[in-house]
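Undergrad: Here it is, the structure, as structure tokens.
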Amino acid sequence: MLSRSLSRATIIFSHGSCSRTAFSTRNLGPNHDLLQMLSQNLERENSCPSRNGYKVRAFARAIEVIGALEEPVRDVAQVKKLKGVGVGISNRIDAFLSGKDYDPEATIEPSKGASKFKARKGSDPEETRRKMIVRSLTSVSGIGPTTAKALTDAGCTSIGDLKKPKFFDMLSPLQQTGARYHEHLERPAERRQAELLAKFISENISCKFDVELVGSYRRGAQSFLGVDIMLTHPSHVHVPTPPSKNGSVMQGINSVPFRTISRKLREAQDSLLFRDVVFPLESRGLVAETLFLGSKKWQGVIRLPERTVDGTWEERSQRIERVSEQQGLYVRLDLNLAPVKSKGAALLALTGDKEFNIDIRTKAARLGLLLNEFGLWRWTSGPSLPADAEEGYWTFVEGESEVAILRELGMNYVEPIKRNFAYLANSDSDASTVKKGRPRKKVV
């Protein structure tokens with residue numbers, strides 16, 4: 001199992017008398033580079049607007065079985081016979097081992113094995129080229145198929161062309177940011193960089209904030225496309241009640257945690273997140289671009305902080321100057337502000353992965369409960385009305401603890417590094433998961 005090759009250590013982020021805890025992993029075994037490539041592909045597919053769940057599960061299966069190998073993979077023939085590694089994954093592995101760029105329009109020739117490719121028959125070369133350009137352009141943050149096709153029709157032939165005035169002017173401000181920083185955003189961040197970033201943030205905002213790395217980092221990934229951080233603050237205690245919407249327990253099952261659009265820009269700018277976190281980080285030269293701003297979530301592009309030879313941070317003026325000149329390394333950063341009473345639910349939502357979250361939210365729905373990033377809820381209606389009646393209200397069941405939430409769903413605690421498709425597939429026959437969940441309380 002992949003999880004067997006991961007060892008867990010604890011790192012403390014400290015600032016004055018305040019301490020913050022994060023997690024770290026070491027050593028992915030003899031196929032580290034190959035697993036890293038597959039993990040990057042999985043992360044890219046997971047964050048794609050047109051996300052393909054089948055591909056996500058295929059990457060997860062391949063990562064699990066290859067992570068269990070004790071010998072290095074030197075030829076694609078070694079993995080083609082493994083259960084869980086299909087043709088598409090084999091093609092990517094063959095290209096990786098051969099030092100080539102992966103071409104989805106090519107397939108491995110079955111009779112020849114590893115390195116022989118042949119083009120698909122009956123395809124128009126010009127149409128194939130056009131599709132490849134469109135596919136390439138959609139890898140830029142914010143650019144979807146419609147914009148990519150319009151750019152291609154206008155004569156754009158590569159991501160590099162996007163910086164030409166003719167094509168750059170066709171992009172929205174967010175798409176322009178994606179084009180400007182594309183090479184950086186496609187380059188995975190490493191664990192040590194995420195840890196350094198979290199430490200910089202913790203030292204440059206109030207020590208009353210708890211700063212915790214979540215997302216792929218908390219699931220044990222060695223590298224990831226973007227850094228996700230959860231913040232809590234003792235003054236942020238309000239837990240919003242889910243909308244009544246017919247008492248539906250399936251609402252928001254695929255929604256992005258904490259991503260609510262503020263009705264007015266001023267509302268977001270007056271929020272604790274912007275006033276006490278984003279603004280101080282902007283003034284200290286960390287932030288390059290803002291992609292999304294809400295009262296509970298900020299997403300943007302930041303320049304990774306650097307230390308000088310004597311171990312101190314760069315001067316503020318140096319960071320600001322280097323951001324203006326686009327020097328250094330840049331990554332996507334997501335900051336999420338969670339209410340204290342919702343810490344456990346927020347950790348579940350922000351750690352992922354998406355398949356795991358959909359699974360536990362579906363389990364909750366089957367029990368007549370609703371699980372979101374703020375907590376676990378039960379719809380309460382009058383004694384003479386059915387449980388799913390429109391008249392009623394949401395009752396807060398649990399939110400502070402991951403363990404308690406999973407217990408309410410009839411599940412044992414699942415370590416973050418196991419929260420993936422492989423765990424879900426194996427847990428179907430795992431006796432430790434109680435299928436019926438906890439008995440539902442009778443409403444009187």
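Each chain of the structure tokens is named A, B, ... in the order shown, its residues numbered from 1; ligands are numbered from 1 in display order.
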Identify, on the basis of only C-alpha atoms, every residue whose closest approach to His184 of chain A does not exceed 7 Å; exclude the query and any residue fewer than 3 positions from it along the same chain; express the result as a list in words.
TA: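 Here the answer would be Tyr181, Arg187, Leu329, Tyr330 and Val331 of chain A.
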Undergrad: Based on the backbone DSSP call, show me all residues of segment 74-304 of chain A assigned alpha helix (DSSP H), as an MDAnalysis selection string.
TA: chainID A and resid 77:80 87:98 125:137 145:153 165:168 173:180 182:185 191:204 215:218 265:269 272:273 279:283
Undergrad: Go through segment 92-338 of chain A and collect every residue that DSSP, computed from the backbone, puts in strand (DSSP E); the answer should be as JSON, numbers by chain.
TA: {"A": [106, 107, 108, 117, 118, 119, 189, 190, 210, 211, 212, 213, 223, 224, 227, 228, 229, 230, 231, 232, 287, 288, 289, 290, 291, 292, 293, 297, 298, 299, 300, 301, 302, 303, 330, 331, 332, 333, 334, 335, 336, 337]}
Undergrad: Measuring atom to atom with only C-alpha atoms, identify which of A:Asn357, A:Ser206, A:Gln327, A:Ser401 is nearest to Tyr413 of chain A.
TA: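 Between A:Asn357, A:Ser206, A:Gln327, A:Ser401, the residue approaching Tyr413 of chain A most closely is A:Ser401.
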Undergrad: Identify which of the residues A:Pro242, A:Arg57, A:Ala288, A:Gly352 lies closest to Gly220 of chain A, counting only C-alpha atoms when measuring atom-to-atom distances.
TA: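 Between A:Pro242, A:Arg57, A:Ala288, A:Gly352, the residue approaching Gly220 of chain A most closely is A:Gly352.
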Undergrad: Under the rule that only C-alpha atoms are counted, which of A:Leu291, A:Leu409, A:Leu137, A:Val227 is the nearest residue to Glu212 of chain A?
TA: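 The closest residue to Glu212 of chain A is A:Val227.
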Undergrad: Name the closest residue to Glu325 of chain A among the candidates A:Arg74, A:Lys418, A:Arg180, A:Lys55; distances are taken between atoms, counting only C-alpha atoms.
TA: A:Arg180
Undergrad: Find the spatial neighbours of Glu306 of chain A, counting only C-alpha atoms, within a cut-off of 10 Å - ignore same-chain residues fewer than 6 positions away - and output them as a ChimeraX atom specification.
TA: /A:193,196-197,200,312-315,319,328-329
Undergrad: To one decimal in Å, tell me the separation between atom CA of Lys131 of chain A and atom CA of Ile143 of chain A.
TA: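 Atom CA of Lys131 of chain A sits 14.7 Å away from atom CA of Ile143 of chain A.
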Undergrad: Counting only C-alpha atoms, which of A:Val211, A:Val309, A:Met230, A:Ile201 gets nearest to Arg284 of chain A?
TA: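 Looking at the shortest contact to Arg284 of chain A, the residue is A:Ile201.
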Undergrad: Using only C-alpha atoms, which residue out of A:Glu373, A:Asp161, A:Asp94, A:Asp153 lies closest to Val76 of chain A?
TA: A:Asp94
Undergrad: As an exercise, work out the distance from atom CA of Gln175 of chain A to atom CA of Met132 of chain A in Å and give it to one decimal place.
TA: 19.3 Å
Undergrad: Applying 12 Å and only C-alpha atoms, which residues near Phe168 of chain A remain after dropping the ones on its own chain fewer than 3 positions away? List them as a list in words.
TA: Ile143, Thr147, Leu151, Ala154, Cys156, Ile159, Gly160, Asp161, Leu162, Lys163, Lys164, Pro165, Leu171, Ser172, Pro173, Leu174, Gln175, Gln176, Thr177, Gly178, Ala179 and Arg180 of chain A
Undergrad: Suppose we keep N, CA and C atoms; can you now write the selection as a PDB file, in the first residue's frame?
TA:
```pdb
ATOM      1  N   ILE A 143      -8.911  29.271 -18.340  1.00  0.00           N
ATOM      2  CA  ILE A 143      -9.260  29.139 -19.753  1.00  0.00           C
ATOM      3  C   ILE A 143     -10.004  27.826 -19.973  1.00  0.00           C
ATOM      4  N   THR A 147     -13.132  29.471 -24.719  1.00  0.00           N
ATOM      5  CA  THR A 147     -12.076  30.471 -24.932  1.00  0.00           C
ATOM      6  C   THR A 147     -10.908  29.871 -25.709  1.00  0.00           C
ATOM      7  N   LEU A 151      -9.427  31.260 -29.238  1.00  0.00           N
ATOM      8  CA  LEU A 151      -8.019  31.626 -29.392  1.00  0.00           C
ATOM      9  C   LEU A 151      -7.382  30.867 -30.550  1.00  0.00           C
ATOM     10  N   ALA A 154      -8.373  32.215 -33.765  1.00  0.00           N
ATOM     11  CA  ALA A 154      -7.750  33.516 -34.028  1.00  0.00           C
ATOM     12  C   ALA A 154      -6.278  33.381 -34.405  1.00  0.00           C
ATOM     13  N   CYS A 156      -3.887  31.470 -32.423  1.00  0.00           N
ATOM     14  CA  CYS A 156      -3.006  31.115 -31.304  1.00  0.00           C
ATOM     15  C   CYS A 156      -2.607  29.643 -31.430  1.00  0.00           C
ATOM     16  N   ILE A 159       0.758  28.015 -25.742  1.00  0.00           N
ATOM     17  CA  ILE A 159       0.602  28.790 -24.510  1.00  0.00           C
ATOM     18  C   ILE A 159       1.501  30.018 -24.546  1.00  0.00           C
ATOM     19  N   GLY A 160       2.661  29.885 -25.156  1.00  0.00           N
ATOM     20  CA  GLY A 160       3.567  31.020 -25.280  1.00  0.00           C
ATOM     21  C   GLY A 160       2.961  32.166 -26.062  1.00  0.00           C
ATOM     22  N   ASP A 161       2.094  31.835 -27.031  1.00  0.00           N
ATOM     23  CA  ASP A 161       1.444  32.878 -27.840  1.00  0.00           C
ATOM     24  C   ASP A 161       0.496  33.744 -27.022  1.00  0.00           C
ATOM     25  N   LEU A 162       0.022  33.231 -25.893  1.00  0.00           N
ATOM     26  CA  LEU A 162      -0.964  33.969 -25.093  1.00  0.00           C
ATOM     27  C   LEU A 162      -0.431  35.311 -24.620  1.00  0.00           C
ATOM     28  N   LYS A 163       0.872  35.446 -24.512  1.00  0.00           N
ATOM     29  CA  LYS A 163       1.447  36.707 -24.044  1.00  0.00           C
ATOM     30  C   LYS A 163       1.552  37.753 -25.147  1.00  0.00           C
ATOM     31  N   LYS A 164       1.259  37.350 -26.365  1.00  0.00           N
ATOM     32  CA  LYS A 164       1.234  38.323 -27.463  1.00  0.00           C
ATOM     33  C   LYS A 164      -0.010  39.196 -27.312  1.00  0.00           C
ATOM     34  N   PRO A 165       0.117  40.501 -27.511  1.00  0.00           N
ATOM     35  CA  PRO A 165      -1.009  41.427 -27.297  1.00  0.00           C
ATOM     36  C   PRO A 165      -2.307  40.995 -27.970  1.00  0.00           C
ATOM     37  N   LEU A 171      -8.291  37.760 -23.359  1.00  0.00           N
ATOM     38  CA  LEU A 171      -8.475  37.076 -22.079  1.00  0.00           C
ATOM     39  C   LEU A 171      -9.081  37.996 -21.028  1.00  0.00           C
ATOM     40  N   SER A 172      -9.809  37.399 -20.095  1.00  0.00           N
ATOM     41  CA  SER A 172     -10.328  38.136 -18.945  1.00  0.00           C
ATOM     42  C   SER A 172      -9.163  38.397 -17.987  1.00  0.00           C
ATOM     43  N   PRO A 173      -9.332  39.296 -17.013  1.00  0.00           N
ATOM     44  CA  PRO A 173      -8.245  39.550 -16.053  1.00  0.00           C
ATOM     45  C   PRO A 173      -7.753  38.277 -15.352  1.00  0.00           C
ATOM     46  N   LEU A 174      -8.674  37.386 -14.968  1.00  0.00           N
ATOM     47  CA  LEU A 174      -8.261  36.151 -14.301  1.00  0.00           C
ATOM     48  C   LEU A 174      -7.487  35.243 -15.253  1.00  0.00           C
ATOM     49  N   GLN A 175      -7.932  35.184 -16.508  1.00  0.00           N
ATOM     50  CA  GLN A 175      -7.229  34.370 -17.505  1.00  0.00           C
ATOM     51  C   GLN A 175      -5.859  34.951 -17.806  1.00  0.00           C
ATOM     52  N   GLN A 176      -5.749  36.275 -17.797  1.00  0.00           N
ATOM     53  CA  GLN A 176      -4.447  36.916 -18.013  1.00  0.00           C
ATOM     54  C   GLN A 176      -3.471  36.541 -16.897  1.00  0.00           C
ATOM     55  N   THR A 177      -3.996  36.494 -15.671  1.00  0.00           N
ATOM     56  CA  THR A 177      -3.150  36.068 -14.549  1.00  0.00           C
ATOM     57  C   THR A 177      -2.689  34.630 -14.755  1.00  0.00           C
ATOM     58  N   GLY A 178      -3.620  33.760 -15.192  1.00  0.00           N
ATOM     59  CA  GLY A 178      -3.271  32.374 -15.450  1.00  0.00           C
ATOM     60  C   GLY A 178      -2.194  32.245 -16.510  1.00  0.00           C
ATOM     61  N   ALA A 179      -2.292  33.060 -17.568  1.00  0.00           N
ATOM     62  CA  ALA A 179      -1.300  33.023 -18.645  1.00  0.00           C
ATOM     63  C   ALA A 179       0.045  33.568 -18.161  1.00  0.00           C
ATOM     64  N   ARG A 180      -0.013  34.621 -17.382  1.00  0.00           N
ATOM     65  CA  ARG A 180       1.219  35.272 -16.905  1.00  0.00           C
ATOM     66  C   ARG A 180       2.034  34.343 -15.999  1.00  0.00           C
TER      67      ARG A 180
END
```
Undergrad: Could you check how far atom CA of Val85 of chain A sits from atom CA of Leu38 of chain A, in Å to one decimal?
TA: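 These two atoms are separated by 11.5 Å.
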Undergrad: Need to verify the contact set: Leu281 of chain A, 10 Å, only C-alpha atoms, exclusion of same-chain residues closer than 5 positions in sequence. Can you return it as a VMD selection string?
TA: chain A and resid 200 to 201 204 to 205 274 276 286 to 287 302
Undergrad: Name the residues in contact with Tyr217 of chain A at a cut-off of 10 Å, using only C-alpha atoms, excluding same-chain residues fewer than 2 positions from it; report them as number ranges by chain.
TA: A: 22-25, 189-191, 194-195, 213-215, 219-224, 226-229, 351, 416-417
Undergrad: Quick one: residues within 12 Å of Gln78 of chain A, only C-alpha atoms, excluding same-chain residues fewer than 4 positions away - as a PDB file with all heavy atoms, in the first residue's frame?
TA:
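Output (part.pdb):
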```
ATOM      1  N   VAL A  65      -1.033   0.820  -6.519  1.00  0.00           N
ATOM      2  CA  VAL A  65      -0.356  -0.436  -6.852  1.00  0.00           C
ATOM      3  C   VAL A  65       1.131  -0.220  -7.129  1.00  0.00           C
ATOM      4  O   VAL A  65       1.964  -1.061  -6.766  1.00  0.00           O
ATOM      5  CB  VAL A  65      -1.037  -1.135  -8.059  1.00  0.00           C
ATOM      6  CG1 VAL A  65      -2.452  -1.516  -7.716  1.00  0.00           C
ATOM      7  CG2 VAL A  65      -1.023  -0.271  -9.316  1.00  0.00           C
ATOM      8  N   ILE A  66       1.496   0.901  -7.759  1.00  0.00           N
ATOM      9  CA  ILE A  66       2.913   1.157  -8.041  1.00  0.00           C
ATOM     10  C   ILE A  66       3.639   1.523  -6.753  1.00  0.00           C
ATOM     11  O   ILE A  66       4.808   1.177  -6.556  1.00  0.00           O
ATOM     12  CB  ILE A  66       3.065   2.257  -9.109  1.00  0.00           C
ATOM     13  CG1 ILE A  66       2.510   1.752 -10.447  1.00  0.00           C
ATOM     14  CG2 ILE A  66       4.529   2.665  -9.280  1.00  0.00           C
ATOM     15  CD1 ILE A  66       2.463   2.789 -11.539  1.00  0.00           C
ATOM     16  N   LEU A  69       5.138  -1.437  -4.943  1.00  0.00           N
ATOM     17  CA  LEU A  69       6.257  -2.178  -5.536  1.00  0.00           C
ATOM     18  C   LEU A  69       7.548  -1.930  -4.755  1.00  0.00           C
ATOM     19  O   LEU A  69       7.813  -0.811  -4.310  1.00  0.00           O
ATOM     20  CB  LEU A  69       6.458  -1.762  -6.996  1.00  0.00           C
ATOM     21  CG  LEU A  69       5.302  -2.060  -7.961  1.00  0.00           C
ATOM     22  CD1 LEU A  69       5.622  -1.520  -9.345  1.00  0.00           C
ATOM     23  CD2 LEU A  69       5.026  -3.561  -8.025  1.00  0.00           C
ATOM     24  N   GLU A  71      10.549  -2.877  -6.148  1.00  0.00           N
ATOM     25  CA  GLU A  71      11.607  -2.730  -7.154  1.00  0.00           C
ATOM     26  C   GLU A  71      11.302  -1.528  -8.040  1.00  0.00           C
ATOM     27  O   GLU A  71      10.136  -1.229  -8.304  1.00  0.00           O
ATOM     28  CB  GLU A  71      11.703  -3.992  -8.028  1.00  0.00           C
ATOM     29  CG  GLU A  71      12.062  -5.260  -7.263  1.00  0.00           C
ATOM     30  CD  GLU A  71      13.464  -5.179  -6.676  1.00  0.00           C
ATOM     31  OE1 GLU A  71      14.330  -4.531  -7.305  1.00  0.00           O
ATOM     32  OE2 GLU A  71      13.683  -5.754  -5.603  1.00  0.00           O
ATOM     33  N   PRO A  72      12.323  -0.834  -8.521  1.00  0.00           N
ATOM     34  CA  PRO A  72      12.079   0.313  -9.403  1.00  0.00           C
ATOM     35  C   PRO A  72      11.512  -0.115 -10.752  1.00  0.00           C
ATOM     36  O   PRO A  72      11.882  -1.165 -11.292  1.00  0.00           O
ATOM     37  CB  PRO A  72      13.476   0.931  -9.557  1.00  0.00           C
ATOM     38  CG  PRO A  72      14.430  -0.187  -9.280  1.00  0.00           C
ATOM     39  CD  PRO A  72      13.765  -1.040  -8.248  1.00  0.00           C
ATOM     40  N   VAL A  73      10.612   0.679 -11.298  1.00  0.00           N
ATOM     41  CA  VAL A  73      10.029   0.415 -12.612  1.00  0.00           C
ATOM     42  C   VAL A  73      10.949   1.010 -13.667  1.00  0.00           C
ATOM     43  O   VAL A  73      11.186   2.220 -13.691  1.00  0.00           O
ATOM     44  CB  VAL A  73       8.617   1.042 -12.726  1.00  0.00           C
ATOM     45  CG1 VAL A  73       8.084   0.879 -14.147  1.00  0.00           C
ATOM     46  CG2 VAL A  73       7.675   0.406 -11.724  1.00  0.00           C
ATOM     47  N   ARG A  74      11.478   0.146 -14.545  1.00  0.00           N
ATOM     48  CA  ARG A  74      12.388   0.610 -15.599  1.00  0.00           C
ATOM     49  C   ARG A  74      11.796   0.426 -16.982  1.00  0.00           C
ATOM     50  O   ARG A  74      12.324   0.944 -17.956  1.00  0.00           O
ATOM     51  CB  ARG A  74      13.721  -0.143 -15.504  1.00  0.00           C
ATOM     52  CG  ARG A  74      14.499   0.164 -14.220  1.00  0.00           C
ATOM     53  CD  ARG A  74      15.905  -0.409 -14.269  1.00  0.00           C
ATOM     54  NE  ARG A  74      16.694   0.008 -13.126  1.00  0.00           N
ATOM     55  CZ  ARG A  74      16.736  -0.640 -11.967  1.00  0.00           C
ATOM     56  NH1 ARG A  74      16.022  -1.757 -11.825  1.00  0.00           N
ATOM     57  NH2 ARG A  74      17.462  -0.191 -10.974  1.00  0.00           N
ATOM     58  N   LEU A  82      -0.022  -5.148 -14.058  1.00  0.00           N
ATOM     59  CA  LEU A  82      -0.561  -4.888 -12.733  1.00  0.00           C
ATOM     60  C   LEU A  82      -2.047  -4.548 -12.806  1.00  0.00           C
ATOM     61  O   LEU A  82      -2.471  -3.768 -13.661  1.00  0.00           O
ATOM     62  CB  LEU A  82       0.186  -3.722 -12.059  1.00  0.00           C
ATOM     63  CG  LEU A  82       1.670  -3.931 -11.771  1.00  0.00           C
ATOM     64  CD1 LEU A  82       2.271  -2.640 -11.225  1.00  0.00           C
ATOM     65  CD2 LEU A  82       1.874  -5.065 -10.776  1.00  0.00           C
ATOM     66  N   LYS A  83      -2.833  -5.120 -11.907  1.00  0.00           N
ATOM     67  CA  LYS A  83      -4.250  -4.807 -11.845  1.00  0.00           C
ATOM     68  C   LYS A  83      -4.420  -3.379 -11.357  1.00  0.00           C
ATOM     69  O   LYS A  83      -3.896  -2.994 -10.314  1.00  0.00           O
ATOM     70  CB  LYS A  83      -4.959  -5.773 -10.889  1.00  0.00           C
ATOM     71  CG  LYS A  83      -6.461  -5.576 -10.848  1.00  0.00           C
ATOM     72  CD  LYS A  83      -7.121  -6.591  -9.923  1.00  0.00           C
ATOM     73  CE  LYS A  83      -8.630  -6.383  -9.903  1.00  0.00           C
ATOM     74  NZ  LYS A  83      -9.304  -7.358  -9.001  1.00  0.00           N
ATOM     75  N   VAL A  85      -3.716  -0.726 -13.513  1.00  0.00           N
ATOM     76  CA  VAL A  85      -2.977   0.126 -14.451  1.00  0.00           C
ATOM     77  C   VAL A  85      -3.497  -0.139 -15.856  1.00  0.00           C
ATOM     78  O   VAL A  85      -3.221  -1.195 -16.444  1.00  0.00           O
ATOM     79  CB  VAL A  85      -1.454  -0.131 -14.382  1.00  0.00           C
ATOM     80  CG1 VAL A  85      -0.726   0.764 -15.379  1.00  0.00           C
ATOM     81  CG2 VAL A  85      -0.944   0.111 -12.969  1.00  0.00           C
ATOM     82  N   SER A  90      -0.591   3.431 -18.729  1.00  0.00           N
ATOM     83  CA  SER A  90       0.601   2.808 -19.315  1.00  0.00           C
ATOM     84  C   SER A  90       1.256   3.733 -20.331  1.00  0.00           C
ATOM     85  O   SER A  90       2.486   3.839 -20.395  1.00  0.00           O
ATOM     86  CB  SER A  90       0.230   1.481 -19.983  1.00  0.00           C
ATOM     87  OG  SER A  90      -0.241   0.551 -19.037  1.00  0.00           O
ATOM     88  N   ILE A  93       3.164   6.397 -18.477  1.00  0.00           N
ATOM     89  CA  ILE A  93       4.366   5.847 -17.851  1.00  0.00           C
ATOM     90  C   ILE A  93       5.443   5.584 -18.903  1.00  0.00           C
ATOM     91  O   ILE A  93       6.626   5.865 -18.693  1.00  0.00           O
ATOM     92  CB  ILE A  93       4.023   4.565 -17.078  1.00  0.00           C
ATOM     93  CG1 ILE A  93       3.153   4.908 -15.864  1.00  0.00           C
ATOM     94  CG2 ILE A  93       5.294   3.829 -16.641  1.00  0.00           C
ATOM     95  CD1 ILE A  93       2.628   3.692 -15.115  1.00  0.00           C
ATOM     96  N   ASP A  94       5.022   5.058 -20.063  1.00  0.00           N
ATOM     97  CA  ASP A  94       5.986   4.782 -21.139  1.00  0.00           C
ATOM     98  C   ASP A  94       6.654   6.072 -21.607  1.00  0.00           C
ATOM     99  O   ASP A  94       7.872   6.130 -21.785  1.00  0.00           O
ATOM    100  CB  ASP A  94       5.292   4.087 -22.303  1.00  0.00           C
ATOM    101  CG  ASP A  94       6.284   3.640 -23.362  1.00  0.00           C
ATOM    102  OD1 ASP A  94       7.048   2.685 -23.111  1.00  0.00           O
ATOM    103  OD2 ASP A  94       6.321   4.279 -24.434  1.00  0.00           O
ATOM    104  N   LEU A  97       9.098   7.247 -18.852  1.00  0.00           N
ATOM    105  CA  LEU A  97      10.327   6.465 -18.792  1.00  0.00           C
ATOM    106  C   LEU A  97      11.219   6.705 -20.002  1.00  0.00           C
ATOM    107  O   LEU A  97      12.437   6.568 -19.931  1.00  0.00           O
ATOM    108  CB  LEU A  97       9.997   4.977 -18.682  1.00  0.00           C
ATOM    109  CG  LEU A  97       9.269   4.525 -17.405  1.00  0.00           C
ATOM    110  CD1 LEU A  97       8.887   3.054 -17.513  1.00  0.00           C
ATOM    111  CD2 LEU A  97      10.134   4.772 -16.180  1.00  0.00           C
ATOM    112  N   GLY A 113       5.231  -3.650 -27.207  1.00  0.00           N
ATOM    113  CA  GLY A 113       5.569  -3.352 -25.820  1.00  0.00           C
ATOM    114  C   GLY A 113       5.879  -1.897 -25.557  1.00  0.00           C
ATOM    115  O   GLY A 113       5.183  -1.016 -26.001  1.00  0.00           O
ATOM    116  N   ALA A 114       7.014  -1.688 -24.853  1.00  0.00           N
ATOM    117  CA  ALA A 114       7.239  -0.433 -24.164  1.00  0.00           C
ATOM    118  C   ALA A 114       7.309   0.821 -25.013  1.00  0.00           C
ATOM    119  O   ALA A 114       6.552   1.738 -24.808  1.00  0.00           O
ATOM    120  CB  ALA A 114       8.513  -0.556 -23.339  1.00  0.00           C
TER     121      ALA A 114
END
```
